[in-house]
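Heads up, the thing below is written out as structure tokens.
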Protein chains: 2
Amino acid sequence: MYQLSVLGSSWQSIQHITFNIQNKMYRSHTCGELRITDAGKEVTLAGWVQTVRKFGAITFIDLRDRYGITQLLFGEDLNGQLEANPLGREFVLQAVGKVSERSNKNPNLSTGDVEIAVTSFKILNKSAVPPFTIQDDSDGGDDLRMKYRYLDLRRNAVKKNIELRYAVNRAARNYLHNNGFMDIETPFLIKSTPEGARDFVVPSRMNPGEFYALPQSPQTFKQLLMVSGYDRYYQIVKCFRDEDLRADRQPEFTQIDCEMAFVEQEDILNMFEGMVKAIFKDVKNISYAETVERMTWEEAMWNFGNDKPDIRFGIKIANLKSVFTRNGAITATGELINGADFKVFDEAETVLAIAVPGCSEYSRKQTDELTEWVKRPQVGMRGLVFIKYNTDGTLKSSVDKFYTEDKLKAIAGFANAKPGDLILVLAGTEDRTRKATSDLRMEMAERLGLRKKDEYKLLWVLDFPLFEYDEENNRWVARHHPFTSPKPDHINVMIDNNPVIENAAEYLKHPYAEIKANAYDMVLNGNEIGGGSIRIFQRDLQEKMFTALGMSDEEAVHKFGFLLGAFEYGAPPHGGIAFGFDRLCAILGGSESIRDFIAFPKNNSGRDVMMDSPSTIDDKQLTELQIKTDIRK
Amino acid sequence: MYQLSVLGSSWQSIQHITFNIQNKMYRSHTCGELRITDAGKEVTLAGWVQTVRKFGAITFIDLRDRYGITQLLFGEDLNGQLEANPLGREFVLQAVGKVSERSNKNPNLSTGDVEIAVTSFKILNKSAVPPFTIQDDSDGGDDLRMKYRYLDLRRNAVKKNIELRYAVNRAARNYLHNNGFMDIETPFLIKSTPEGARDFVVPSRMNPGEFYALPQSPQTFKQLLMVSGYDRYYQIVKCFRDEDLRADRQPEFTQIDCEMAFVEQEDILNMFEGMVKAIFKDVKNISYAETVERMTWEEAMWNFGNDKPDIRFGIKIANLKSVFTRNGAITATGELINGADFKVFDEAETVLAIAVPGCSEYSRKQTDELTEWVKRPQVGMRGLVFIKYNTDGTLKSSVDKFYTEDKLKAIAGFANAKPGDLILVLAGTEDRTRKATSDLRMEMAERLGLRKKDEYKLLWVLDFPLFEYDEENNRWVARHHPFTSPKPDHINVMIDNNPVIENAAEYLKHPYAEIKANAYDMVLNGNEIGGGSIRIFQRDLQEKMFTALGMSDEEAVHKFGFLLGAFEYGAPPHGGIAFGFDRLCAILGGSESIRDFIAFPKNNSGRDVMMDSPSTIDDKQLTELQIKTDIRK
């Protein structure tokens with residue numbers, strides 16, 4: 001019997017499972033298993049040659065498998081045999097020998113107290129010299145490691161990610177099972193109903209001229225399951241989106257997809273913060289006892305400048321002037337800063353400030369560097385105003401000729417600054433300035449070490465707008481998706497008003513602009529890890545939604561007739577959530593890149609460079625499918 | 001807290017899980033939960049109206065949810081309200097009331113001792129009259145129930161299948177987890193390498209003119225994971241095959257897909273008979289203590305006429321004459337039957353007999369009916385010879401004029417017949433006669449009640465031929481798949497011989513015809529539920545295999561270069577198995593049809609009639625993908 005830490009030695013070991021290796025012929029133990037208490041045992045190990053070290057006629061080999069590394073000692077008697085059959089890195093070796101105590105123990109290895117005095121061995125397979133080293137700090141570049149992904153996966157740095165992913169998978173399943181959820185598989189060959197992202201499509205040979213689509217999510221199916229009475233559904237399921245890939249996107253990705261019936265928002269929030277806490281506990285051994293914070297979307301945007309704030313630290317935004325509407329009104333009029341003849345502020349739509357703790361003594365060089373930082377194209381601001389709130393209580397700013405010290409003090413007070421803080425002020429158009437201030441806030445926190453790797457802070461962001469304005473088509477689009485319900489109070493606003501926008505310039509005054517969604521996002525350390533909503537379950541409201549999105553009745557029935565139909569036969573109130581499984585794993589693994597947590601990822605062109613896919617297919621296949629390629633030169 | 005039987009009341013309750021309903025607003029309890037011990041409690045239930053029964057001013061309603069049915073009693077005080085808001089079948093109802101003891105208890109319901117004296121209620125949603133009744137014996141035909149699948153899924157008969165499927169899923173995962181297997185996701189957008197079945201393909205917008213394929217199985221990926229050192233892998237995963245659909249085929253289906261490294265066949269057999277036994281225990285509460293029987297493919301074909309025999313009963317085939325080769329030789333020469341001037345036997349390639357117990361007194365009408373049965377096009381024989389071995393020891397046959405009673409007795413003895421048996425003899429060409437005898441054996445067992453619903457018999461079939469002969473192209477094809485290893489003894493036969501078949505008429509004499517595969521199928525009650533093999537892990541052997549299958553070196557590298565490459569860098573010995581998850585569930589659920597165990601299945605034309613898919617897509621989508629339809633008239 002064998003004790004395995006699912007997360008390997010470099011992780012906090014929390015899930016121990018016991019199993020019998022049971023491999024009768026090839027090995028009696030794994031390479032991570034033997035201890036000093038096994039000394040004297042006759043064992044058989046099998047694995048890969050990690051290193052070969054020769055000392056005269058004696059050879060030491062580190063043998064590696066999934067479970068660890070064990071040192072093999074080949075004595076003089078085997079030297080001839082070894083010279084006839086030289087072993088190289090990554091050879092697959094089977095060795096028989098006796099467990100004995102090591103003279104120079106290795107405290108960094110769980111097997112470091114012992115070695116195997118080899119009596120016989122067999123090369124199970126040879127290896128060419130690998131194109132990069134199989135070590136934590138490999139000498140292989142990204143492209144090379146992607147091409148030889150099967151070798152990259154041998155590296156401990158990658159293996160622990162794959163193990164972490166499985167641990168998260170298992171923890172989520174156990175929690176959901178214990179809470180009465182059933183894993184119910186939904187189809188992958190479905191109907192193309194593009195809303196938002198593009199579908200991948202699959203030509204149907206048996207129905208020529210027709211296509212299946214791969215699901216962007218199992219959304220409508222899980223809702224149908226609620227209509228069918230399966231009141232707690234989940235799946236850990238692949239989803240597909242044919243989008244132009246940004247750095248951290250994959251054309252196929254995995255969701256923890258959940259839905260519940262007979263629930264309100266509060267039920268969902270409780271259930272799924274419970275799930276994330278259970279994952280913390282099972283995977284990271286973190287007891288997240290505190291209440292998960294909640295914040296409306298408006299509060300998040302107002303105080304943090306984005307809808308997924310990192311709340312491991314404060315540094316809230318002070319809204320000196322803004323056209324951002326809260327509860328339908330513009331509330332930051334700029335009275336503190338206007339009229340001082342500083343045109344940048346006077347003419348700006350929006351002026352926002354953050355007070356960065358302990359940075360009042362930044363040098364000219366440092367503030368210049370920050371100014372350059374905000375002027376980079378990725379941030380896109382024209383400049384940066386700073387106010388140093390010195391520890392002696394005096395104030396010094398880059399706009400001293402416009403503002404008196406009293407005025408600066410008032411601004412500092414408004415920004416909740418304390419002596420010692422550096423106040424950074426950005427001005428410009430609303431959207432860009434708010435985003436830039438949010439970026440600057442994150443950057444300063446990063447520089448100050450406030451984004452701690454080992455600290456986890458969950459947050460619910462609630463009450464998103466139901467609609468966004470689509471300028472190009474002068475119509476509404478669903479911010480979350482077309483199945484999200486308005487807040488109960490706002491249902492009548494939606495039903496009673498015509499969604500058509502008569503005056504594009506004043507779209508914000510349309511009643512639909514103020515409708516809030518019964519939707520929620522879960523945010524972890526500044527990353528959206530999950531999002532969901534209470535769904536529409538009434539046919540008339542769903543039809544109104546389709547109309548609001550510019551769909552004709554015919555189109556709505558063609559695309560979603562099955563769902564509208566289902567709502568006629570006793571659809572219960574229901575709602576759900578989907579977690580981005582790849583991202584959740586990446587964050588728990590302390591990485592920014594989901595690709596590191598996927599066994600066989602694709603590159604930014606959607607290619608698998610290892611298997612060289614996609615690829616051309618035979619003419620016979622195209623003929624059978626009754627399609628032709630039609631390449632534009 | 002709530003005790004749930006995963007398998008519902010009509011199933012043996014084995015998996016009890018406890019969870020908190022936690023739905024603050026909509027219900028305090030489920031409809032399967034309340035007992036006499038809850039009498040007096042104020043509760044809120046929510047669910048669907050199963051039946052409405054009015055007795056004057058009093059109304060009884062059966063309220064149904066996922067967990068059961070609870071009777072609601074609406075007294076006279078609510079009558080006016082009910083008349084103003086009449087309730088119909090499948091309305092979604094929320095009711096508040098007090099649990100009280102029923103006067104006429106219903107022992108068939110777990111909640112049958114109580115009813116809810118309703119004090120207030122709310123209609124959460126109305127329902128149109130459903131197109132068929134939501135009952136075990138629905139009045140809806142197949143097509144109607146497929147169209148309204150979301151209503152069909154409400155029926156207990158369907159729900160228990162979906163619940164069973166989840167229970168099998170959970171049991172398999174638990175077993176595999178406890179044995180150190182990791183669920184590692186493999187990609188769905190892969191490379192098209194059609195071998196055998198057709199691939200579904202997915203046009204790549206970002207790589208115009210190129211296509212992904214959907215996996216027929218994760219075969220090559222799981223082998224790469226073994227090369228990467230993840231020595232115990234599993235997935236419960238969707239697979240895709242674009243085949244013309246037979247009755248019990250789906251274009252997308254699910255496998256329990258597993259692979260192990262550093263194993264031989266014996267390790268795999270032990271591990272996975274353990275898994276199936278664990279599923280029996282967890283899902284059906286069956287302790288399968290007996291040793292799982294094993295049989296070579298040759299024994300199965302010889303004794304049962306097919307490679308997945310049902311061994312719940314005997315009735316082995318007696319091979320009176322056959323050209324079937326065993327260990328490379330033809331062993332049934334027909335000496336018992338030849339030369340009696342009975343041309344049918346004299347001229348037949350193959351003559352096979354079965355002794356059916358207790359049927360010696362079949363009437364003329366009954367034997368005629370059997371003769372008609374074997375003459376049906378599905379069986380395709382010319383006729384049937386029978387020999388009655390009467391209980392008094394005399395024999396009477398349809399071929400009395402050719403064979404003496406002594407001769408018949410010898411034949412009966414050869415067929416292991418006992419007095420009281422009816423011996424049925426078929427003659428014709430080898431393949432057809434063997435299959436027909438197998439079919440007849442199954443038919444007779446069915447008629448005699450020997451295929452018992454509640455009996456489960458596992459069997460390993462081993463040592464399949466590695467190759468099959470492809471007459472059309474005069475070449476070999478892989479019987480299992482191109483990655484299956486020959487038996488260790490046969491590797492040299494493969495390496496040392498040229499696979500080209502010089503003389504098509506004598507292909508059976510080619511050394512490759514006798515090579516046996518290191519492959520195994522698991523058979524349950526006459527159904528193949530899983531199959532796998534020890535894999536090739538040496539590049540030269542894999543290349544030889546591709547050559548044997550008629551692939552040029554260039555083609556092999558184009559399609560499988562990544563795998564051949566991986567075999568150069570230390571591939572360990574490995575092997576695996578895949579279980580047909582849909583079929584396994586169907587058999588455990590006592591059904592022949594996998595469709596009943598899939599939440600949203602497709603029909604025999606690969607269509608989802610509920611969502612009407614596949615369907616045409618927008619020209620914009622085709623243009624973006626740079627493809628055109630090219631329909632042949």
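Just remember, in the structure tokens the first chain shown is A, the second B, etc., residues are 1-based per chain, and ligands are 1-based in the order shown.
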Neighbours of chain A in chain B at 6 Å, counting only C-alpha atoms, as a VMD selection string:
chain B and resid 19 23 26 66 90 to 92 125 to 128 150 to 151 153 to 154 179 191 201 to 202 209 to 212 224 228 to 230 262 to 263 267 562 568 to 570 611 613 to 616 626 to 631
Those residues you just picked out, can you put them in a file as a PDB file, in the first residue's frame with C-alpha atoms?
ATOM      1  CA  PHE B  19     -27.439  17.871   2.366  1.00  0.00           C
ATOM      2  CA  ASN B  23     -33.204  27.318  -0.288  1.00  0.00           C
ATOM      3  CA  TYR B  26     -38.854  28.776  -1.943  1.00  0.00           C
ATOM      4  CA  ARG B  66     -37.022  15.404  -7.868  1.00  0.00           C
ATOM      5  CA  GLU B  90     -47.583  20.463 -14.251  1.00  0.00           C
ATOM      6  CA  PHE B  91     -48.304  23.865 -12.741  1.00  0.00           C
ATOM      7  CA  VAL B  92     -45.424  24.972 -10.519  1.00  0.00           C
ATOM      8  CA  ASN B 125     -45.671  29.266 -13.010  1.00  0.00           C
ATOM      9  CA  LYS B 126     -48.509  27.914 -15.097  1.00  0.00           C
ATOM     10  CA  SER B 127     -48.352  25.053 -17.514  1.00  0.00           C
ATOM     11  CA  ALA B 128     -50.120  24.349 -20.759  1.00  0.00           C
ATOM     12  CA  TYR B 150     -37.583  18.238 -21.184  1.00  0.00           C
ATOM     13  CA  LEU B 151     -41.010  16.843 -20.245  1.00  0.00           C
ATOM     14  CA  LEU B 153     -37.143  13.763 -18.413  1.00  0.00           C
ATOM     15  CA  ARG B 154     -39.734  14.483 -15.696  1.00  0.00           C
ATOM     16  CA  ASN B 179      -6.470   3.677  -6.842  1.00  0.00           C
ATOM     17  CA  LYS B 191      -6.133  16.429 -35.688  1.00  0.00           C
ATOM     18  CA  VAL B 201     -14.400  17.884 -38.478  1.00  0.00           C
ATOM     19  CA  VAL B 202     -14.443  21.539 -37.423  1.00  0.00           C
ATOM     20  CA  GLY B 209      -8.599  25.716 -45.309  1.00  0.00           C
ATOM     21  CA  GLU B 210      -7.628  23.707 -42.229  1.00  0.00           C
ATOM     22  CA  PHE B 211      -9.790  21.635 -39.946  1.00  0.00           C
ATOM     23  CA  TYR B 212      -9.777  20.240 -36.467  1.00  0.00           C
ATOM     24  CA  LEU B 224       1.365  10.631 -24.461  1.00  0.00           C
ATOM     25  CA  SER B 228       4.930  11.992 -19.685  1.00  0.00           C
ATOM     26  CA  GLY B 229       4.917   9.855 -16.555  1.00  0.00           C
ATOM     27  CA  TYR B 230       1.290  10.244 -15.364  1.00  0.00           C
ATOM     28  CA  PHE B 262       4.448  -0.049 -16.083  1.00  0.00           C
ATOM     29  CA  VAL B 263       1.791  -2.712 -16.389  1.00  0.00           C
ATOM     30  CA  ASP B 267      -2.446  -5.720 -13.875  1.00  0.00           C
ATOM     31  CA  PHE B 562       4.041  13.295 -32.613  1.00  0.00           C
ATOM     32  CA  GLU B 568      11.969   8.179 -28.952  1.00  0.00           C
ATOM     33  CA  TYR B 569      12.188   9.888 -25.600  1.00  0.00           C
ATOM     34  CA  GLY B 570      11.689   7.126 -23.091  1.00  0.00           C
ATOM     35  CA  MET B 611     -33.743  21.850 -30.597  1.00  0.00           C
ATOM     36  CA  SER B 613     -30.300  20.534 -34.870  1.00  0.00           C
ATOM     37  CA  PRO B 614     -28.240  20.318 -37.028  1.00  0.00           C
ATOM     38  CA  SER B 615     -29.518  23.328 -38.934  1.00  0.00           C
ATOM     39  CA  THR B 616     -28.442  25.747 -41.610  1.00  0.00           C
ATOM     40  CA  GLN B 626     -14.007  30.379 -45.831  1.00  0.00           C
ATOM     41  CA  ILE B 627     -16.041  27.327 -46.716  1.00  0.00           C
ATOM     42  CA  LYS B 628     -19.035  26.725 -48.991  1.00  0.00           C
ATOM     43  CA  THR B 629     -21.645  24.048 -49.018  1.00  0.00           C
ATOM     44  CA  ASP B 630     -21.454  21.903 -52.133  1.00  0.00           C
ATOM     45  CA  ILE B 631     -24.623  19.879 -52.221  1.00  0.00           C
TER      46      ILE B 631
END
Report as a list in words all protein, DNA and RNA residues lying within 12 Å of Ser120 (chain B), evaluated on only C-alpha atoms, omitting residues in the same chain fewer than 5 positions from it.
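That gives Glu42, Val43, Thr44, Leu45, Leu72, Leu73, Phe74, Gly75, Asp77, Leu78, Asn79, Gln81, Leu82, Leu93, Gln94, Ala95, Val96, Gly97 and Lys98 of chain B.
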Residues within 10 Å of region 443-449 of chain B, please, as a list in words. Count only C-alpha atoms; anything in the same chain fewer than 3 positions from it doesn't count.
Asp310, Arg312, Phe313, Gly314, Ile315, Ile354, Val356, Pro357, Gly358, Cys359, Leu370, Trp373, Thr437, Ser438, Asp439, Leu440, Lys452 and Lys453 of chain B
Writer output for current selection, all heavy atoms, as a tab-separated table (two decimals), in the first residue's frame:
chain	number	residue	atom	x	y	z
B	310	ASP	N	-22.66	-14.55	-23.82
B	310	ASP	CA	-23.42	-14.46	-22.58
B	310	ASP	C	-23.19	-15.78	-21.85
B	310	ASP	O	-23.63	-16.84	-22.33
B	310	ASP	CB	-24.89	-14.26	-22.91
B	310	ASP	CG	-25.72	-13.97	-21.66
B	310	ASP	OD1	-25.28	-14.32	-20.54
B	310	ASP	OD2	-26.82	-13.41	-21.81
B	312	ARG	N	-24.22	-16.49	-18.76
B	312	ARG	CA	-25.16	-16.81	-17.69
B	312	ARG	C	-25.74	-18.20	-17.88
B	312	ARG	O	-26.38	-18.76	-16.99
B	312	ARG	CB	-26.29	-15.77	-17.66
B	312	ARG	CG	-25.89	-14.45	-17.03
B	312	ARG	CD	-27.00	-13.42	-17.13
B	312	ARG	NE	-27.26	-13.08	-18.52
B	312	ARG	CZ	-28.13	-12.17	-18.91
B	312	ARG	NH1	-28.85	-11.52	-17.99
B	312	ARG	NH2	-28.30	-11.88	-20.17
B	313	PHE	N	-25.57	-18.75	-19.09
B	313	PHE	CA	-26.08	-20.10	-19.35
B	313	PHE	C	-25.08	-20.81	-20.23
B	313	PHE	O	-24.18	-20.19	-20.80
B	313	PHE	CB	-27.45	-20.02	-20.03
B	313	PHE	CG	-27.44	-19.21	-21.29
B	313	PHE	CD1	-27.28	-19.82	-22.52
B	313	PHE	CD2	-27.54	-17.82	-21.24
B	313	PHE	CE1	-27.24	-19.07	-23.69
B	313	PHE	CE2	-27.49	-17.07	-22.40
B	313	PHE	CZ	-27.35	-17.69	-23.63
B	314	GLY	N	-25.23	-22.14	-20.33
B	314	GLY	CA	-24.28	-22.94	-21.10
B	314	GLY	C	-24.68	-23.00	-22.56
B	314	GLY	O	-24.53	-22.04	-23.29
B	315	ILE	N	-25.23	-24.17	-22.96
B	315	ILE	CA	-25.61	-24.40	-24.35
B	315	ILE	C	-24.44	-24.07	-25.27
B	315	ILE	O	-24.54	-23.20	-26.14
B	315	ILE	CB	-26.87	-23.59	-24.75
B	315	ILE	CG1	-27.97	-23.67	-23.66
B	315	ILE	CG2	-27.42	-24.09	-26.09
B	315	ILE	CD1	-29.30	-23.04	-24.06
B	354	ILE	N	-26.40	-27.09	-31.29
B	354	ILE	CA	-26.56	-26.77	-29.87
B	354	ILE	C	-27.61	-27.69	-29.29
B	354	ILE	O	-28.56	-28.08	-29.97
B	354	ILE	CB	-26.97	-25.30	-29.61
B	354	ILE	CG1	-28.22	-24.93	-30.42
B	354	ILE	CG2	-25.81	-24.35	-29.91
B	354	ILE	CD1	-28.76	-23.55	-30.09
B	356	VAL	N	-30.47	-27.87	-26.70
B	356	VAL	CA	-31.30	-26.98	-25.89
B	356	VAL	C	-32.02	-27.79	-24.83
B	356	VAL	O	-32.78	-28.71	-25.16
B	356	VAL	CB	-32.32	-26.23	-26.78
B	356	VAL	CG1	-33.08	-25.20	-25.96
B	356	VAL	CG2	-31.61	-25.56	-27.96
B	357	PRO	N	-31.77	-27.51	-23.58
B	357	PRO	CA	-32.29	-28.38	-22.51
B	357	PRO	C	-33.81	-28.34	-22.41
B	357	PRO	O	-34.43	-27.27	-22.55
B	357	PRO	CB	-31.62	-27.82	-21.24
B	357	PRO	CG	-31.21	-26.42	-21.59
B	357	PRO	CD	-30.94	-26.40	-23.05
B	358	GLY	N	-34.36	-29.54	-22.22
B	358	GLY	CA	-35.78	-29.64	-21.87
B	358	GLY	C	-36.74	-29.35	-23.00
B	358	GLY	O	-37.92	-29.12	-22.77
B	359	CYS	N	-36.28	-29.35	-24.25
B	359	CYS	CA	-37.17	-29.00	-25.35
B	359	CYS	C	-37.42	-30.16	-26.31
B	359	CYS	O	-37.87	-29.97	-27.44
B	359	CYS	CB	-36.60	-27.82	-26.13
B	359	CYS	SG	-36.52	-26.31	-25.16
B	370	LEU	N	-39.33	-22.51	-35.39
B	370	LEU	CA	-37.88	-22.28	-35.26
B	370	LEU	C	-37.20	-22.26	-36.62
B	370	LEU	O	-36.29	-21.47	-36.87
B	370	LEU	CB	-37.24	-23.36	-34.38
B	370	LEU	CG	-37.41	-23.22	-32.87
B	370	LEU	CD1	-36.67	-24.36	-32.16
B	370	LEU	CD2	-36.90	-21.87	-32.38
B	373	TRP	N	-37.76	-19.07	-38.08
B	373	TRP	CA	-36.95	-18.07	-37.37
B	373	TRP	C	-35.52	-18.02	-37.97
B	373	TRP	O	-35.01	-16.94	-38.21
B	373	TRP	CB	-36.90	-18.40	-35.87
B	373	TRP	CG	-36.33	-17.29	-35.03
B	373	TRP	CD1	-37.03	-16.27	-34.45
B	373	TRP	CD2	-34.96	-17.08	-34.70
B	373	TRP	NE1	-36.17	-15.43	-33.79
B	373	TRP	CE2	-34.90	-15.89	-33.92
B	373	TRP	CE3	-33.77	-17.76	-34.99
B	373	TRP	CZ2	-33.69	-15.38	-33.43
B	373	TRP	CZ3	-32.57	-17.25	-34.50
B	373	TRP	CH2	-32.53	-16.07	-33.73
B	437	THR	N	-25.80	-19.67	-35.44
B	437	THR	CA	-25.88	-20.59	-34.30
B	437	THR	C	-25.81	-19.79	-33.00
B	437	THR	O	-26.52	-20.08	-32.02
B	437	THR	CB	-24.76	-21.63	-34.36
B	437	THR	OG1	-24.72	-22.19	-35.68
B	437	THR	CG2	-24.98	-22.74	-33.34
B	438	SER	N	-24.96	-18.77	-33.00
B	438	SER	CA	-24.88	-17.90	-31.83
B	438	SER	C	-26.21	-17.20	-31.59
B	438	SER	O	-26.71	-17.14	-30.46
B	438	SER	CB	-23.75	-16.88	-32.04
B	438	SER	OG	-23.82	-15.87	-31.08
B	439	ASP	N	-26.81	-16.69	-32.65
B	439	ASP	CA	-28.11	-16.01	-32.53
B	439	ASP	C	-29.18	-16.97	-32.02
B	439	ASP	O	-30.00	-16.62	-31.16
B	439	ASP	CB	-28.55	-15.45	-33.88
B	439	ASP	CG	-27.69	-14.27	-34.34
B	439	ASP	OD1	-26.88	-13.77	-33.53
B	439	ASP	OD2	-27.84	-13.85	-35.51
B	440	LEU	N	-29.14	-18.18	-32.57
B	440	LEU	CA	-30.15	-19.18	-32.17
B	440	LEU	C	-29.97	-19.56	-30.69
B	440	LEU	O	-30.94	-19.71	-29.95
B	440	LEU	CB	-30.01	-20.43	-33.07
B	440	LEU	CG	-31.02	-21.55	-32.86
B	440	LEU	CD1	-32.45	-21.05	-33.10
B	440	LEU	CD2	-30.71	-22.73	-33.79
B	452	LYS	N	-31.38	-14.06	-17.28
B	452	LYS	CA	-32.07	-13.47	-16.14
B	452	LYS	C	-31.68	-12.02	-15.92
B	452	LYS	O	-30.50	-11.70	-15.82
B	452	LYS	CB	-31.77	-14.29	-14.88
B	452	LYS	CG	-32.38	-15.66	-14.91
B	452	LYS	CD	-32.03	-16.44	-13.64
B	452	LYS	CE	-32.24	-17.92	-13.86
B	452	LYS	NZ	-31.19	-18.74	-13.24
B	453	LYS	N	-32.68	-11.18	-15.79
B	453	LYS	CA	-32.48	-9.74	-15.62
B	453	LYS	C	-31.59	-9.40	-14.43
B	453	LYS	O	-30.84	-8.44	-14.45
B	453	LYS	CB	-33.85	-9.05	-15.41
B	453	LYS	CG	-34.66	-8.88	-16.68
B	453	LYS	CD	-34.49	-7.47	-17.28
B	453	LYS	CE	-35.24	-7.35	-18.60
B	453	LYS	NZ	-34.56	-6.53	-19.61
What parts of region 340-550 of chain B does DSSP call strand (DSSP E or B)? I'd like the answer as a PyMOL selection string.
chain B and resi 350-356+385-389+395-397+422-428+458-462+465+467-470+475-478+484+486+516-517+519-524+527-535
Extract the full set of helix (DSSP H, G or I) residues from region 454-514 of chain A according to DSSP on the backbone, and format it as JSON, numbers by chain.
{"A": [488, 489, 490, 491, 492, 493, 494, 495, 496, 504, 505, 506, 507, 508, 509, 511, 512, 513, 514]}
Residues from the last selection, N, CA, C and O atoms, saved as a compact mmCIF listing (two decimals), in the first residue's frame:
# COMPACT_ATOMS: atom_id res chain seq x y z
N PRO A 488 -35.92 41.66 -9.42
CA PRO A 488 -37.38 41.57 -9.34
C PRO A 488 -38.06 42.94 -9.49
O PRO A 488 -39.05 43.07 -10.22
N ASP A 489 -37.48 43.97 -8.86
CA ASP A 489 -38.06 45.32 -8.93
C ASP A 489 -38.05 45.90 -10.34
O ASP A 489 -38.76 46.86 -10.62
N HIS A 490 -37.17 45.38 -11.17
CA HIS A 490 -36.98 46.00 -12.49
C HIS A 490 -37.70 45.27 -13.61
O HIS A 490 -37.61 45.69 -14.76
N ILE A 491 -38.37 44.16 -13.26
CA ILE A 491 -39.05 43.38 -14.30
C ILE A 491 -40.09 44.23 -15.01
O ILE A 491 -40.19 44.23 -16.24
N ASN A 492 -40.83 45.01 -14.22
CA ASN A 492 -41.87 45.81 -14.86
C ASN A 492 -41.30 46.93 -15.72
O ASN A 492 -41.90 47.29 -16.73
N VAL A 493 -40.15 47.47 -15.33
CA VAL A 493 -39.52 48.50 -16.17
C VAL A 493 -39.23 47.90 -17.55
O VAL A 493 -39.43 48.53 -18.58
N MET A 494 -38.84 46.66 -17.54
CA MET A 494 -38.50 46.00 -18.80
C MET A 494 -39.76 45.70 -19.61
O MET A 494 -39.83 45.94 -20.82
N ILE A 495 -40.77 45.15 -18.90
CA ILE A 495 -42.01 44.76 -19.60
C ILE A 495 -42.74 45.99 -20.13
O ILE A 495 -43.24 46.01 -21.25
N ASP A 496 -42.78 47.07 -19.31
CA ASP A 496 -43.66 48.20 -19.62
C ASP A 496 -43.08 49.20 -20.61
O ASP A 496 -43.79 50.11 -21.05
N ALA A 504 -30.24 58.26 -29.95
CA ALA A 504 -28.98 57.56 -29.64
C ALA A 504 -28.12 58.37 -28.68
O ALA A 504 -27.48 57.81 -27.78
N ALA A 505 -28.10 59.67 -28.83
CA ALA A 505 -27.24 60.52 -28.00
C ALA A 505 -27.65 60.44 -26.53
O ALA A 505 -26.83 60.63 -25.63
N GLU A 506 -28.93 60.18 -26.30
CA GLU A 506 -29.41 60.17 -24.91
C GLU A 506 -29.81 58.77 -24.48
O GLU A 506 -30.74 58.60 -23.69
N TYR A 507 -29.08 57.77 -24.95
CA TYR A 507 -29.45 56.39 -24.63
C TYR A 507 -29.43 56.13 -23.13
O TYR A 507 -30.18 55.32 -22.61
N LEU A 508 -28.58 56.91 -22.44
CA LEU A 508 -28.50 56.72 -20.98
C LEU A 508 -29.79 57.10 -20.28
O LEU A 508 -30.03 56.69 -19.15
N LYS A 509 -30.61 57.91 -20.95
CA LYS A 509 -31.88 58.29 -20.32
C LYS A 509 -32.98 57.28 -20.58
O LYS A 509 -34.08 57.40 -20.03
N PRO A 511 -35.13 54.10 -20.11
CA PRO A 511 -35.35 53.34 -18.87
C PRO A 511 -34.54 52.04 -18.81
O PRO A 511 -34.15 51.60 -17.72
N TYR A 512 -34.27 51.43 -19.94
CA TYR A 512 -33.50 50.19 -19.94
C TYR A 512 -32.08 50.37 -19.42
O TYR A 512 -31.45 49.41 -18.96
N ALA A 513 -31.54 51.61 -19.53
CA ALA A 513 -30.16 51.83 -19.10
C ALA A 513 -30.00 51.61 -17.60
O ALA A 513 -28.90 51.31 -17.12
N GLU A 514 -31.08 51.75 -16.87
CA GLU A 514 -31.00 51.64 -15.41
C GLU A 514 -31.42 50.27 -14.88
O GLU A 514 -31.40 50.04 -13.67
